[in-house]
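Visitor: This is the content of input_37.txt (compact mmCIF, C-alpha atoms):
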# COMPACT_ATOMS: atom_id res chain seq x y z
CA MET Z 6 -48.50 128.53 -3.30
CA LYS Z 7 -47.21 124.96 -3.38
CA LYS Z 8 -44.12 124.14 -1.37
CA PRO Z 9 -41.04 123.19 -3.42
CA VAL Z 10 -40.41 119.49 -3.84
CA ARG Z 11 -37.45 118.43 -1.69
CA VAL Z 12 -35.06 116.45 -3.88
CA ALA Z 13 -31.88 114.48 -3.21
CA LEU Z 14 -29.58 113.19 -5.93
CA MET Z 15 -27.30 110.16 -5.81
CA GLY Z 16 -24.50 109.83 -8.35
CA LEU Z 17 -22.66 112.91 -9.64
CA GLY Z 18 -21.27 111.42 -12.81
CA GLN Z 19 -21.99 112.61 -16.33
CA ARG Z 20 -25.73 112.00 -16.19
CA GLY Z 21 -26.18 112.99 -12.56
CA LEU Z 22 -24.56 116.36 -13.25
CA GLN Z 23 -26.91 116.92 -16.18
CA HIS Z 24 -29.89 116.25 -13.92
CA LEU Z 25 -28.42 118.49 -11.23
CA LYS Z 26 -28.22 121.31 -13.77
CA SER Z 27 -31.96 120.90 -14.45
CA LEU Z 28 -32.81 120.66 -10.75
CA TRP Z 29 -30.74 123.77 -10.03
CA ALA Z 30 -32.80 125.66 -12.64
CA LEU Z 31 -36.03 124.31 -11.13
CA GLN Z 32 -34.84 125.45 -7.72
CA ASP Z 33 -34.35 128.95 -9.14
CA GLN Z 34 -38.00 128.76 -10.25
CA GLY Z 35 -39.14 127.75 -6.77
CA ALA Z 36 -40.30 124.28 -7.84
CA VAL Z 37 -37.48 122.36 -6.11
CA ARG Z 38 -35.36 122.52 -3.01
CA LEU Z 39 -32.19 120.47 -3.17
CA THR Z 40 -31.60 118.68 0.11
CA ALA Z 41 -28.69 116.30 -0.45
CA LEU Z 42 -26.06 115.18 -2.97
CA ALA Z 43 -24.39 111.80 -2.61
CA ASP Z 44 -21.56 110.13 -4.45
CA ALA Z 45 -19.26 107.23 -3.67
CA PHE Z 46 -16.26 109.52 -4.18
CA ALA Z 47 -15.78 112.72 -2.19
CA ALA Z 48 -13.99 114.44 -5.08
CA ASN Z 49 -17.19 114.36 -7.12
CA LEU Z 50 -18.94 116.35 -4.38
CA ASP Z 51 -16.50 119.27 -4.57
CA ALA Z 52 -18.44 122.47 -5.23
CA ASP Z 53 -15.81 123.87 -7.60
CA LYS Z 54 -15.94 120.72 -9.70
CA ILE Z 55 -19.75 120.81 -9.78
CA ARG Z 56 -19.68 124.45 -10.92
CA ASN Z 57 -17.81 123.33 -14.04
CA TYR Z 58 -21.07 121.63 -15.06
CA VAL Z 59 -23.75 123.59 -13.16
CA GLU Z 60 -23.27 127.32 -13.52
CA GLY Z 61 -23.80 129.26 -10.31
CA PHE Z 62 -24.05 126.19 -8.09
CA GLN Z 63 -23.83 126.94 -4.36
CA PRO Z 64 -23.54 124.15 -1.78
CA ASP Z 65 -25.10 126.09 1.11
CA GLY Z 66 -27.86 124.16 2.85
CA ILE Z 67 -27.28 120.98 0.80
CA LEU Z 68 -25.90 117.88 2.50
CA HIS Z 69 -22.87 116.47 0.67
CA THR Z 70 -22.19 112.86 1.62
CA THR Z 71 -20.59 109.62 0.52
CA SER Z 72 -23.07 107.68 2.68
CA PHE Z 73 -26.39 106.53 1.26
CA ALA Z 74 -27.65 105.91 4.80
CA GLU Z 75 -26.94 109.55 5.71
CA LEU Z 76 -28.73 110.74 2.58
CA LEU Z 77 -31.73 108.57 3.41
CA GLY Z 78 -31.89 110.14 6.86
CA GLN Z 79 -32.70 113.58 5.43
CA GLU Z 80 -36.23 114.96 5.21
CA GLN Z 81 -37.05 114.94 1.52
CA ASP Z 82 -39.69 113.96 -1.00
CA ALA Z 83 -37.81 112.45 -3.93
CA LEU Z 84 -34.53 110.83 -4.89
CA TYR Z 85 -32.70 110.74 -8.23
CA VAL Z 86 -30.60 107.58 -8.65
CA CYS Z 87 -27.90 108.17 -11.28
CA ILE Z 88 -25.30 105.47 -10.76
CA PRO Z 89 -23.79 102.91 -13.17
CA PRO Z 90 -26.35 100.14 -13.71
CA ASN Z 91 -24.17 97.33 -12.37
CA VAL Z 92 -23.42 98.89 -8.96
CA HIS Z 93 -26.92 99.07 -7.49
CA SER Z 94 -26.99 97.70 -3.97
CA GLY Z 95 -30.59 97.94 -2.79
CA GLU Z 96 -30.78 101.76 -2.83
CA VAL Z 97 -33.96 101.95 -4.93
CA VAL Z 98 -35.76 99.42 -2.74
CA ARG Z 99 -34.71 101.16 0.49
CA ALA Z 100 -35.68 104.58 -0.83
CA ALA Z 101 -39.11 103.33 -1.90
CA GLN Z 102 -39.65 101.75 1.50
CA ALA Z 103 -38.73 105.12 3.04
CA GLY Z 104 -41.55 106.72 1.04
CA LEU Z 105 -39.41 108.61 -1.49
CA HIS Z 106 -40.60 109.22 -5.03
CA LEU Z 107 -37.98 107.88 -7.42
CA PHE Z 108 -36.26 108.98 -10.61
CA VAL Z 109 -34.09 106.05 -11.71
CA GLU Z 110 -31.69 106.49 -14.60
CA LYS Z 111 -31.64 103.98 -17.42
CA PRO Z 112 -30.90 101.15 -17.63
CA MET Z 113 -32.42 100.69 -14.19
CA SER Z 114 -30.34 97.54 -13.70
CA LEU Z 115 -28.46 95.02 -15.81
CA TYR Z 116 -30.35 92.19 -14.09
CA LEU Z 117 -34.07 91.57 -14.43
CA GLU Z 118 -34.31 89.90 -11.02
CA GLU Z 119 -32.95 93.06 -9.35
CA ALA Z 120 -35.16 95.33 -11.47
CA LEU Z 121 -38.26 93.27 -10.60
CA GLU Z 122 -37.44 93.73 -6.90
CA MET Z 123 -37.23 97.48 -7.47
CA GLU Z 124 -40.54 97.48 -9.31
CA ALA Z 125 -42.25 95.52 -6.53
CA ALA Z 126 -40.92 97.87 -3.83
CA ILE Z 127 -42.12 100.95 -5.74
CA ARG Z 128 -45.54 99.42 -6.31
CA GLU Z 129 -45.96 98.30 -2.70
CA ALA Z 130 -44.85 101.69 -1.34
CA GLY Z 131 -47.23 103.57 -3.62
CA VAL Z 132 -44.61 106.19 -4.51
CA LEU Z 133 -44.36 107.94 -7.86
CA SER Z 134 -41.54 106.89 -10.14
CA THR Z 135 -40.01 107.48 -13.52
CA ALA Z 136 -37.20 105.94 -15.50
CA GLY Z 137 -34.84 108.35 -17.25
CA PHE Z 138 -36.26 108.13 -20.75
CA GLN Z 139 -36.14 111.81 -21.60
CA GLN Z 140 -36.34 111.25 -25.36
CA ARG Z 141 -40.12 110.96 -25.01
CA PHE Z 142 -39.99 114.71 -24.24
CA ASP Z 143 -38.00 115.69 -27.34
CA GLY Z 144 -40.15 117.90 -29.58
CA ARG Z 145 -39.20 115.88 -32.67
CA HIS Z 146 -40.38 112.66 -31.08
CA GLU Z 147 -43.56 114.24 -29.71
CA ALA Z 148 -44.37 115.40 -33.26
CA VAL Z 149 -44.03 111.86 -34.61
CA GLN Z 150 -46.17 110.52 -31.76
CA ARG Z 151 -48.94 113.04 -32.51
CA HIS Z 152 -48.81 112.29 -36.22
CA LEU Z 153 -49.14 108.55 -35.71
CA ARG Z 154 -52.03 109.06 -33.28
CA GLU Z 155 -54.03 110.76 -36.07
CA GLY Z 156 -55.34 107.46 -37.40
CA ARG Z 157 -52.10 106.15 -38.90
CA ARG Z 158 -51.03 102.55 -38.38
CA PRO Z 159 -47.29 102.19 -37.81
CA LEU Z 160 -45.46 99.40 -39.59
CA MET Z 161 -41.78 99.72 -38.84
CA ALA Z 162 -39.00 101.79 -37.39
CA SER Z 163 -35.37 101.42 -38.40
CA TYR Z 164 -32.43 102.93 -36.57
CA THR Z 165 -28.77 102.76 -37.50
CA TYR Z 166 -26.06 104.33 -35.38
CA HIS Z 167 -22.36 103.86 -35.95
CA GLY Z 168 -20.27 105.51 -33.26
CA PRO Z 169 -16.60 105.26 -32.36
CA LEU Z 170 -15.72 103.13 -29.39
CA GLU Z 171 -13.52 106.00 -28.22
CA GLY Z 172 -16.40 108.47 -28.53
CA HIS Z 173 -17.80 107.88 -25.05
CA ASN Z 174 -17.17 110.70 -22.63
CA VAL Z 175 -14.83 109.82 -19.78
CA LYS Z 176 -16.87 108.90 -16.73
CA HIS Z 177 -16.60 110.15 -13.16
CA HIS Z 178 -16.97 106.82 -11.34
CA ARG Z 179 -13.54 105.51 -10.31
CA THR Z 180 -14.07 102.14 -11.93
CA GLU Z 181 -10.40 101.28 -11.52
CA LEU Z 182 -11.02 100.90 -7.79
CA HIS Z 183 -13.91 98.48 -8.34
CA GLY Z 184 -12.43 96.09 -10.87
CA GLY Z 185 -13.55 98.12 -13.88
CA PRO Z 186 -11.78 99.83 -16.79
CA GLY Z 187 -8.67 101.77 -15.87
CA ASN Z 188 -9.73 104.64 -18.15
CA ARG Z 189 -13.16 104.79 -16.40
CA VAL Z 190 -15.08 104.52 -19.70
CA TRP Z 191 -17.41 101.86 -18.31
CA THR Z 192 -19.90 102.23 -21.19
CA ALA Z 193 -17.49 100.25 -23.40
CA ASN Z 194 -17.25 97.33 -20.96
CA ARG Z 195 -19.89 94.60 -21.00
CA ALA Z 196 -19.82 93.85 -17.26
CA TRP Z 197 -20.52 97.49 -16.47
CA SER Z 198 -22.78 98.54 -19.36
CA GLY Z 199 -24.61 95.35 -20.28
CA MET Z 200 -23.40 95.93 -23.87
CA THR Z 201 -24.48 98.68 -26.24
CA VAL Z 202 -28.09 97.67 -26.96
CA VAL Z 203 -28.76 97.81 -23.21
CA GLU Z 204 -26.70 100.90 -22.39
CA GLY Z 205 -27.52 103.08 -25.41
CA GLY Z 206 -30.06 101.31 -27.60
CA ILE Z 207 -32.59 101.25 -24.76
CA HIS Z 208 -33.31 104.94 -25.45
CA LEU Z 209 -34.46 104.20 -29.00
CA LEU Z 210 -36.30 101.06 -28.00
CA ASP Z 211 -38.25 102.98 -25.36
CA LEU Z 212 -39.00 105.71 -27.89
CA TRP Z 213 -40.46 103.11 -30.25
CA ARG Z 214 -42.60 101.87 -27.38
CA TYR Z 215 -43.87 105.44 -26.98
CA TRP Z 216 -45.08 105.25 -30.58
CA PHE Z 217 -45.96 101.56 -31.07
CA GLY Z 218 -46.77 99.98 -27.69
CA ASP Z 219 -45.05 97.21 -25.76
CA VAL Z 220 -42.46 94.81 -27.14
CA GLU Z 221 -43.67 91.21 -27.44
CA TRP Z 222 -40.49 89.50 -28.75
CA VAL Z 223 -36.92 90.11 -29.84
CA GLN Z 224 -34.27 88.39 -31.95
CA ALA Z 225 -30.66 89.52 -32.12
CA HIS Z 226 -27.18 88.72 -33.35
CA TYR Z 227 -23.92 90.44 -32.38
CA GLN Z 228 -20.38 90.32 -33.77
CA HIS Z 229 -18.28 89.88 -30.63
CA ARG Z 230 -14.82 91.33 -30.04
CA PRO Z 231 -12.19 88.61 -29.50
CA ASP Z 232 -10.00 88.79 -26.42
CA ASP Z 233 -6.85 89.69 -28.36
CA GLU Z 234 -8.59 92.81 -29.74
CA VAL Z 235 -9.69 94.19 -26.36
CA TYR Z 236 -7.97 97.35 -25.13
CA ASP Z 237 -8.71 99.34 -21.97
CA ASP Z 238 -11.26 96.63 -21.02
CA ALA Z 239 -13.47 97.78 -23.92
CA ASP Z 240 -14.85 94.33 -24.67
CA ASN Z 241 -18.33 95.19 -25.96
CA PRO Z 242 -19.15 93.67 -29.37
CA TYR Z 243 -18.24 95.33 -32.65
CA THR Z 244 -21.75 95.26 -34.13
CA TYR Z 245 -25.33 94.59 -33.09
CA CYS Z 246 -28.43 93.71 -35.10
CA ALA Z 247 -31.71 93.42 -33.20
CA LEU Z 248 -35.29 92.97 -34.39
CA PHE Z 249 -38.13 93.85 -32.00
CA GLY Z 250 -41.79 92.89 -32.44
CA PHE Z 251 -44.46 95.19 -30.96
CA ASP Z 252 -48.11 94.95 -29.99
CA GLY Z 253 -50.19 95.50 -33.11
CA GLY Z 254 -47.61 94.02 -35.46
CA ALA Z 255 -45.07 96.84 -35.95
CA VAL Z 256 -41.40 95.91 -35.95
CA GLY Z 257 -38.23 97.82 -35.14
CA THR Z 258 -34.80 97.08 -36.55
CA MET Z 259 -31.78 98.38 -34.63
CA THR Z 260 -28.28 98.28 -36.12
CA LEU Z 261 -25.45 99.58 -33.95
CA SER Z 262 -21.67 99.51 -34.01
CA ARG Z 263 -18.79 100.52 -31.77
CA LEU Z 264 -15.59 100.43 -33.85
CA ARG Z 265 -12.10 101.60 -32.97
CA LYS Z 266 -10.22 104.24 -34.97
CA VAL Z 267 -13.32 105.48 -36.80
CA TYR Z 268 -13.85 108.78 -34.93
CA ALA Z 269 -17.01 109.61 -36.88
CA ASP Z 270 -20.71 109.16 -36.19
CA PHE Z 271 -23.45 108.09 -38.59
CA MET Z 272 -27.15 108.04 -37.74
CA ASP Z 273 -30.26 107.18 -39.74
CA HIS Z 274 -33.71 106.93 -38.16
CA GLN Z 275 -36.85 106.13 -40.15
CA VAL Z 276 -40.46 105.53 -39.14
CA LEU Z 277 -42.94 103.98 -41.59
CA TRP Z 278 -46.72 103.78 -41.47
CA THR Z 279 -49.14 102.34 -44.03
CA GLU Z 280 -48.98 105.33 -46.40
CA GLY Z 281 -46.08 107.45 -45.29
CA ARG Z 282 -42.58 107.74 -43.92
CA ALA Z 283 -40.72 110.11 -41.61
CA GLU Z 284 -37.00 110.71 -41.37
CA ILE Z 285 -35.75 111.90 -37.97
CA CYS Z 286 -32.51 113.87 -38.10
CA TRP Z 287 -30.54 115.99 -35.64
CA GLY Z 288 -32.15 119.12 -37.07
CA GLY Z 289 -35.78 118.03 -37.30
CA VAL Z 290 -38.29 115.60 -38.81
CA THR Z 291 -39.10 115.38 -42.52
CA MET Z 292 -42.25 113.55 -43.58
CA TYR Z 293 -43.00 111.96 -46.96
CA GLU Z 294 -46.75 111.47 -47.43
CA TYR Z 295 -49.11 112.15 -50.34
CA ASN Z 296 -52.41 113.77 -49.40
CA GLY Z 297 -53.95 114.60 -52.79
CA LEU Z 298 -56.53 112.79 -54.90
CA TYR Z 299 -55.66 109.15 -55.24
CA PRO Z 300 -54.58 107.74 -57.56
CA PRO Z 301 -52.95 110.83 -59.07
CA SER Z 302 -52.96 111.23 -62.85
CA GLN Z 303 -49.18 111.11 -62.71
CA PRO Z 304 -46.63 110.55 -59.93
CA PRO Z 305 -46.31 113.76 -57.89
CA PRO Z 306 -42.89 115.43 -57.72
CA GLN Z 307 -40.94 114.91 -54.49
CA PRO Z 308 -41.57 118.45 -53.16
CA ALA Z 309 -45.31 117.69 -53.29
CA VAL Z 310 -44.94 114.78 -50.87
CA THR Z 311 -42.29 116.35 -48.63
CA LYS Z 312 -43.21 118.25 -45.49
CA THR Z 313 -41.32 119.46 -42.44
CA LEU Z 314 -43.07 117.83 -39.52
CA TYR Z 315 -40.79 119.42 -36.92
CA GLU Z 316 -37.90 121.86 -37.23
CA GLY Z 317 -35.09 122.07 -34.68
CA ARG Z 318 -33.24 119.89 -32.20
CA GLY Z 319 -36.28 119.20 -30.03
CA GLY Z 320 -35.58 121.31 -26.95
CA ASP Z 321 -34.04 120.42 -23.59
CA ASP Z 322 -35.62 117.05 -22.93
CA THR Z 323 -33.48 116.47 -19.82
CA PHE Z 324 -34.98 119.57 -18.24
CA ALA Z 325 -38.47 118.67 -19.47
CA ILE Z 326 -38.55 115.19 -17.88
CA SER Z 327 -37.53 116.63 -14.50
CA GLN Z 328 -39.98 119.49 -14.76
CA VAL Z 329 -42.83 117.02 -15.34
CA PHE Z 330 -41.66 114.61 -12.63
CA VAL Z 331 -41.47 117.39 -10.04
CA ARG Z 332 -44.88 118.71 -11.07
CA ALA Z 333 -46.39 115.22 -10.82
CA ILE Z 334 -45.15 115.00 -7.22
CA ALA Z 335 -46.23 118.53 -6.26
CA GLU Z 336 -49.72 118.08 -7.70
CA ASP Z 337 -50.09 114.33 -7.00
CA ARG Z 338 -50.71 113.68 -10.70
CA PRO Z 339 -49.04 110.41 -11.66
CA GLU Z 340 -50.69 110.56 -15.09
CA LEU Z 341 -48.19 113.26 -16.10
CA ILE Z 342 -45.29 110.80 -15.95
CA ARG Z 343 -44.59 109.23 -19.33
CA SER Z 344 -42.24 106.44 -18.18
CA PRO Z 345 -43.25 105.07 -14.76
CA PHE Z 346 -40.84 102.42 -13.51
CA GLY Z 347 -43.35 99.62 -13.99
CA ASP Z 348 -44.02 100.64 -17.58
CA ALA Z 349 -40.30 101.00 -18.28
CA MET Z 350 -39.74 97.37 -17.31
CA ASN Z 351 -40.85 96.35 -20.80
CA SER Z 352 -38.09 98.48 -22.32
CA LEU Z 353 -35.49 97.00 -20.00
CA ALA Z 354 -36.67 93.43 -20.58
CA ALA Z 355 -36.63 93.93 -24.35
CA VAL Z 356 -33.00 95.07 -24.55
CA ILE Z 357 -31.82 92.46 -22.07
CA GLY Z 358 -33.82 90.02 -24.19
CA ALA Z 359 -31.70 91.03 -27.19
CA ASN Z 360 -28.58 89.97 -25.28
CA VAL Z 361 -30.28 86.70 -24.34
CA SER Z 362 -31.27 86.05 -27.96
CA ASP Z 363 -27.71 86.59 -29.14
CA GLU Z 364 -26.39 84.25 -26.45
CA MET Z 365 -28.92 81.64 -27.57
CA GLY Z 366 -27.78 81.79 -31.19
CA GLY Z 367 -30.41 84.24 -32.40
CA GLU Z 368 -33.41 82.42 -30.93
CA ARG Z 369 -36.61 84.47 -30.71
CA VAL Z 370 -37.23 85.50 -27.10
CA GLU Z 371 -40.78 86.20 -25.91
CA ILE Z 372 -40.66 89.03 -23.37
CA ASP Z 373 -43.36 87.69 -21.05
CA GLN Z 374 -41.51 84.38 -20.88
CA LEU Z 375 -38.19 86.09 -20.24
CA LEU Z 376 -39.68 87.75 -17.15
CA CYS Z 377 -41.07 84.62 -15.53
CA ALA Z 378 -40.34 81.29 -17.25
CA ASP Z 379 -37.95 78.81 -15.64
CA LYS Z 380 -36.16 78.50 -18.98
CA PHE Z 381 -34.80 82.03 -18.53
CA ALA Z 382 -34.21 82.00 -14.77
CA ALA Z 383 -30.43 82.06 -15.14
CA PHE Z 384 -30.63 85.09 -17.43
CA ARG Z 385 -32.62 87.06 -14.83
CA GLN Z 386 -30.26 86.51 -11.91
CA LYS Z 387 -27.70 88.95 -10.60
CA PRO Z 388 -24.27 87.31 -10.13
CA ASP Z 389 -23.06 86.91 -6.56
I need this file expressed as structure tokens, please.
Guide:
Amino acid sequence: MKKPVRVALMGLGQRGLQHLKSLWALQDQGAVRLTALADAFAANLDADKIRNYVEGFQPDGILHTTSFAELLGQEQDALYVCIPPNVHSGEVVRAAQAGLHLFVEKPMSLYLEEALEMEAAIREAGVLSTAGFQQRFDGRHEAVQRHLREGRRPLMASYTYHGPLEGHNVKHHRTELHGGPGNRVWTANRAWSGMTVVEGGIHLLDLWRYWFGDVEWVQAHYQHRPDDEVYDDADNPYTYCALFGFDGGAVGTMTLSRLRKVYADFMDHQVLWTEGRAEICWGGVTMYEYNGLYPPSQPPPQPAVTKTLYEGRGGDDTFAISQVFVRAIAEDRPELIRSPFGDAMNSLAAVIGANVSDEMGGERVEIDQLLCADKFAAFRQKPD
């Protein structure tokens, strides 16, 4: 019987607690042994608070610390890094150098220079890694991926999401102590989130990469929020339009908004291939594709071209990504990991590239140039 994978987790905010819930379940199954929990704020390490999010949690035998150095001194196999993307301070690099396998939440950084350093450290250490792109494990998205792999050539994906600026859950990081928003909702602040395409849109962009391949270029335009309309440091733009070009010629159009006083969500997600279309909704995937004799003697009725490709919400993808990551470590099978850090760099570069394109007046940004050309050096750097 394989020994459980010894796992530490850094960052007990909203996402870290969700991962802890999955790891706690995997520990019940004997696949994991939790060794340490770390957070910058001692209050987030309180067992009673954690039990509000992780039923049955018991702190016995688990180091609770506010010190990353103390966490790193434990005997363990893997580390989950679940901290806001603008507050990294060399933890991923140090953990890789210590031989720890790494689960790094998205976006892995807001700065390409810092992310490239992380990637190099992971590669040089030879440790396993994954970025937190759990949507590749959603049953709806797996169904689309399988369908496209059956000889269909994708052409385009389009995604529209309009969400209220106030709709973000309150965060656990005490941003008010670090020069951030007083209400702690750092996802609405550009300095903390990198703006909405980076903070939220990266999930969809990475999902499109799962279906279409790497992004080659991006063009974008945002409608920015003027200073006199900023409240609670929520200065992210009102609207975002981004166009991504993929290997093989497919394109993806992403339209997002974060408006005040709306308090209602709207989502539309379409995927098109040469002779068909799929609509991805919260409750499943509906496909529109004619499979009869062609051309038909008369246009077929809509029910004849409508099929349920997948029914349901897609399962617990947060649990699934951890289950696979832990198994990959236990069995030394890196091929099981769907989003290794190095692969995920294309997703990160593409969404940061959208910000760069907007800043450059909508200029088309080639991703390979963004990562290395002198022209973009200033856009890769982390501010002092």
Visitor: Under the rule that only C-alpha atoms are counted, which of Z:Val220, Z:Met292, Z:Gln374, Z:Val331 is the nearest residue to Gly35 of chain Z?
Guide: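 Result for the nearest residue to Gly35 of chain Z: Z:Val331.
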Visitor: Choose the residue, out of Z:Ala255, Z:Ile342, Z:Ile88, Z:Leu42, that has the smallest atom-to-atom separation from Ser327 of chain Z; count all atoms listed in the file.
Guide: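 Going through Z:Ala255, Z:Ile342, Z:Ile88, Z:Leu42 one by one, the smallest distance to Ser327 of chain Z is for Z:Ile342.
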Visitor: Grab the atom CA of Pro339 of chain Z to atom CA of Leu22 of chain Z distance for me, in Å with one decimal place.
Guide: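 Taking atom CA of Pro339 of chain Z as the start and atom CA of Leu22 of chain Z as the end point, the length is 25.2 Å.
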Visitor: Which polymer residues have any atom within 6 Å of an atom of Met259 of chain Z, counting all atoms listed in the file, with same-chain residues fewer than 3 positions away left out, as a list in words?
Guide: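 In the requested form, the answer reads Tyr164, Cys246 and Ala247 of chain Z.
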Visitor: Name the residues within 9 Å of (-30.2, 83.2, -36.7), counting all atoms listed in the file in the file's coordinates, and put them as a VMD selection string.
Guide: chain Z and resid 224 to 226 363 366 to 369
Visitor: Distance atom CA of Arg11 of chain Z-atom CA of Val37 of chain Z, one decimal place?
Guide: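 Result for atom CA of Arg11 of chain Z versus atom CA of Val37 of chain Z: 5.9 Å, one decimal.
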Visitor: Counting all atoms listed in the file, note down every residue that has an atom within 6 Å of the point (-48.3, 106.1, -47.2) (file coordinates), as number ranges by chain.
Guide: Z: 279-281, 294
Visitor: Fewer than 3 positions away in the same chain doesn't count, so skip those; otherwise give me all residues within 12 Å of Ser27 of chain Z, counting all atoms listed in the file, as a PDB file with C-alpha atoms, keeping the file's coordinate frame.
Guide:
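Final output, result13.pdb:
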ATOM      1  CA  VAL Z  12     -35.060 116.450  -3.880  1.00  0.00           C
ATOM      2  CA  LEU Z  14     -29.580 113.190  -5.930  1.00  0.00           C
ATOM      3  CA  ARG Z  20     -25.730 112.000 -16.190  1.00  0.00           C
ATOM      4  CA  GLY Z  21     -26.180 112.990 -12.560  1.00  0.00           C
ATOM      5  CA  LEU Z  22     -24.560 116.360 -13.250  1.00  0.00           C
ATOM      6  CA  GLN Z  23     -26.910 116.920 -16.180  1.00  0.00           C
ATOM      7  CA  HIS Z  24     -29.890 116.250 -13.920  1.00  0.00           C
ATOM      8  CA  ALA Z  30     -32.800 125.660 -12.640  1.00  0.00           C
ATOM      9  CA  LEU Z  31     -36.030 124.310 -11.130  1.00  0.00           C
ATOM     10  CA  GLN Z  32     -34.840 125.450  -7.720  1.00  0.00           C
ATOM     11  CA  ASP Z  33     -34.350 128.950  -9.140  1.00  0.00           C
ATOM     12  CA  GLN Z  34     -38.000 128.760 -10.250  1.00  0.00           C
ATOM     13  CA  ALA Z  36     -40.300 124.280  -7.840  1.00  0.00           C
ATOM     14  CA  VAL Z  37     -37.480 122.360  -6.110  1.00  0.00           C
ATOM     15  CA  LEU Z  39     -32.190 120.470  -3.170  1.00  0.00           C
ATOM     16  CA  TYR Z  58     -21.070 121.630 -15.060  1.00  0.00           C
ATOM     17  CA  VAL Z  59     -23.750 123.590 -13.160  1.00  0.00           C
ATOM     18  CA  GLU Z  60     -23.270 127.320 -13.520  1.00  0.00           C
ATOM     19  CA  PHE Z  62     -24.050 126.190  -8.090  1.00  0.00           C
ATOM     20  CA  TYR Z  85     -32.700 110.740  -8.230  1.00  0.00           C
ATOM     21  CA  ASP Z 321     -34.040 120.420 -23.590  1.00  0.00           C
ATOM     22  CA  ASP Z 322     -35.620 117.050 -22.930  1.00  0.00           C
ATOM     23  CA  THR Z 323     -33.480 116.470 -19.820  1.00  0.00           C
ATOM     24  CA  PHE Z 324     -34.980 119.570 -18.240  1.00  0.00           C
ATOM     25  CA  ALA Z 325     -38.470 118.670 -19.470  1.00  0.00           C
ATOM     26  CA  ILE Z 326     -38.550 115.190 -17.880  1.00  0.00           C
ATOM     27  CA  SER Z 327     -37.530 116.630 -14.500  1.00  0.00           C
ATOM     28  CA  GLN Z 328     -39.980 119.490 -14.760  1.00  0.00           C
ATOM     29  CA  VAL Z 329     -42.830 117.020 -15.340  1.00  0.00           C
ATOM     30  CA  PHE Z 330     -41.660 114.610 -12.630  1.00  0.00           C
ATOM     31  CA  VAL Z 331     -41.470 117.390 -10.040  1.00  0.00           C
TER      32      VAL Z 331
END
Visitor: Restricting the calculation to only C-alpha atoms, which member of Z:Pro345, Z:Val356, Z:Ser72, Z:Gln63 is positioned closest to Arg128 of chain Z?
Guide: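 For Arg128 of chain Z, the nearest of the given residues is Z:Pro345.
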Visitor: If we count all atoms listed in the file and set the cut-off at 12 Å, which residues sit around Leu68 of chain Z, ignoring sequence neighbours fewer than 5 positions away in its own chain? Please answer as a ChimeraX atom specification.
Guide: /Z:12-15,38-44,50-52,63,73,75-81
Visitor: Once you have the residues from the selection above, write them out as a PDB file, in the frame of the given file, restricted to C-alpha atoms.
Guide:
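Resulting contents of selection-v7.pdb:
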ATOM      1  CA  VAL Z  12     -35.060 116.450  -3.880  1.00  0.00           C
ATOM      2  CA  ALA Z  13     -31.880 114.480  -3.210  1.00  0.00           C
ATOM      3  CA  LEU Z  14     -29.580 113.190  -5.930  1.00  0.00           C
ATOM      4  CA  MET Z  15     -27.300 110.160  -5.810  1.00  0.00           C
ATOM      5  CA  ARG Z  38     -35.360 122.520  -3.010  1.00  0.00           C
ATOM      6  CA  LEU Z  39     -32.190 120.470  -3.170  1.00  0.00           C
ATOM      7  CA  THR Z  40     -31.600 118.680   0.110  1.00  0.00           C
ATOM      8  CA  ALA Z  41     -28.690 116.300  -0.450  1.00  0.00           C
ATOM      9  CA  LEU Z  42     -26.060 115.180  -2.970  1.00  0.00           C
ATOM     10  CA  ALA Z  43     -24.390 111.800  -2.610  1.00  0.00           C
ATOM     11  CA  ASP Z  44     -21.560 110.130  -4.450  1.00  0.00           C
ATOM     12  CA  LEU Z  50     -18.940 116.350  -4.380  1.00  0.00           C
ATOM     13  CA  ASP Z  51     -16.500 119.270  -4.570  1.00  0.00           C
ATOM     14  CA  ALA Z  52     -18.440 122.470  -5.230  1.00  0.00           C
ATOM     15  CA  GLN Z  63     -23.830 126.940  -4.360  1.00  0.00           C
ATOM     16  CA  PHE Z  73     -26.390 106.530   1.260  1.00  0.00           C
ATOM     17  CA  GLU Z  75     -26.940 109.550   5.710  1.00  0.00           C
ATOM     18  CA  LEU Z  76     -28.730 110.740   2.580  1.00  0.00           C
ATOM     19  CA  LEU Z  77     -31.730 108.570   3.410  1.00  0.00           C
ATOM     20  CA  GLY Z  78     -31.890 110.140   6.860  1.00  0.00           C
ATOM     21  CA  GLN Z  79     -32.700 113.580   5.430  1.00  0.00           C
ATOM     22  CA  GLU Z  80     -36.230 114.960   5.210  1.00  0.00           C
ATOM     23  CA  GLN Z  81     -37.050 114.940   1.520  1.00  0.00           C
TER      24      GLN Z  81
END
Visitor: Need a file for segment 58-69 of chain Z from that block: C-alpha atoms, written as a PDB file, in the first residue's frame.
Guide:
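decode.pdb written:
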ATOM      1  CA  TYR Z  58     -15.678  25.689   5.740  1.00  0.00           C
ATOM      2  CA  VAL Z  59     -14.252  22.173   6.275  1.00  0.00           C
ATOM      3  CA  GLU Z  60     -16.680  19.948   8.128  1.00  0.00           C
ATOM      4  CA  GLY Z  61     -15.076  17.784  10.787  1.00  0.00           C
ATOM      5  CA  PHE Z  62     -11.666  19.449  10.569  1.00  0.00           C
ATOM      6  CA  GLN Z  63      -9.320  18.570  13.439  1.00  0.00           C
ATOM      7  CA  PRO Z  64      -5.994  20.371  13.912  1.00  0.00           C
ATOM      8  CA  ASP Z  65      -4.237  17.522  15.751  1.00  0.00           C
ATOM      9  CA  GLY Z  66      -0.845  16.696  14.257  1.00  0.00           C
ATOM     10  CA  ILE Z  67      -0.938  19.609  11.785  1.00  0.00           C
ATOM     11  CA  LEU Z  68       1.471  22.514  12.201  1.00  0.00           C
ATOM     12  CA  HIS Z  69      -0.326  25.875  12.185  1.00  0.00           C
TER      13      HIS Z  69
END
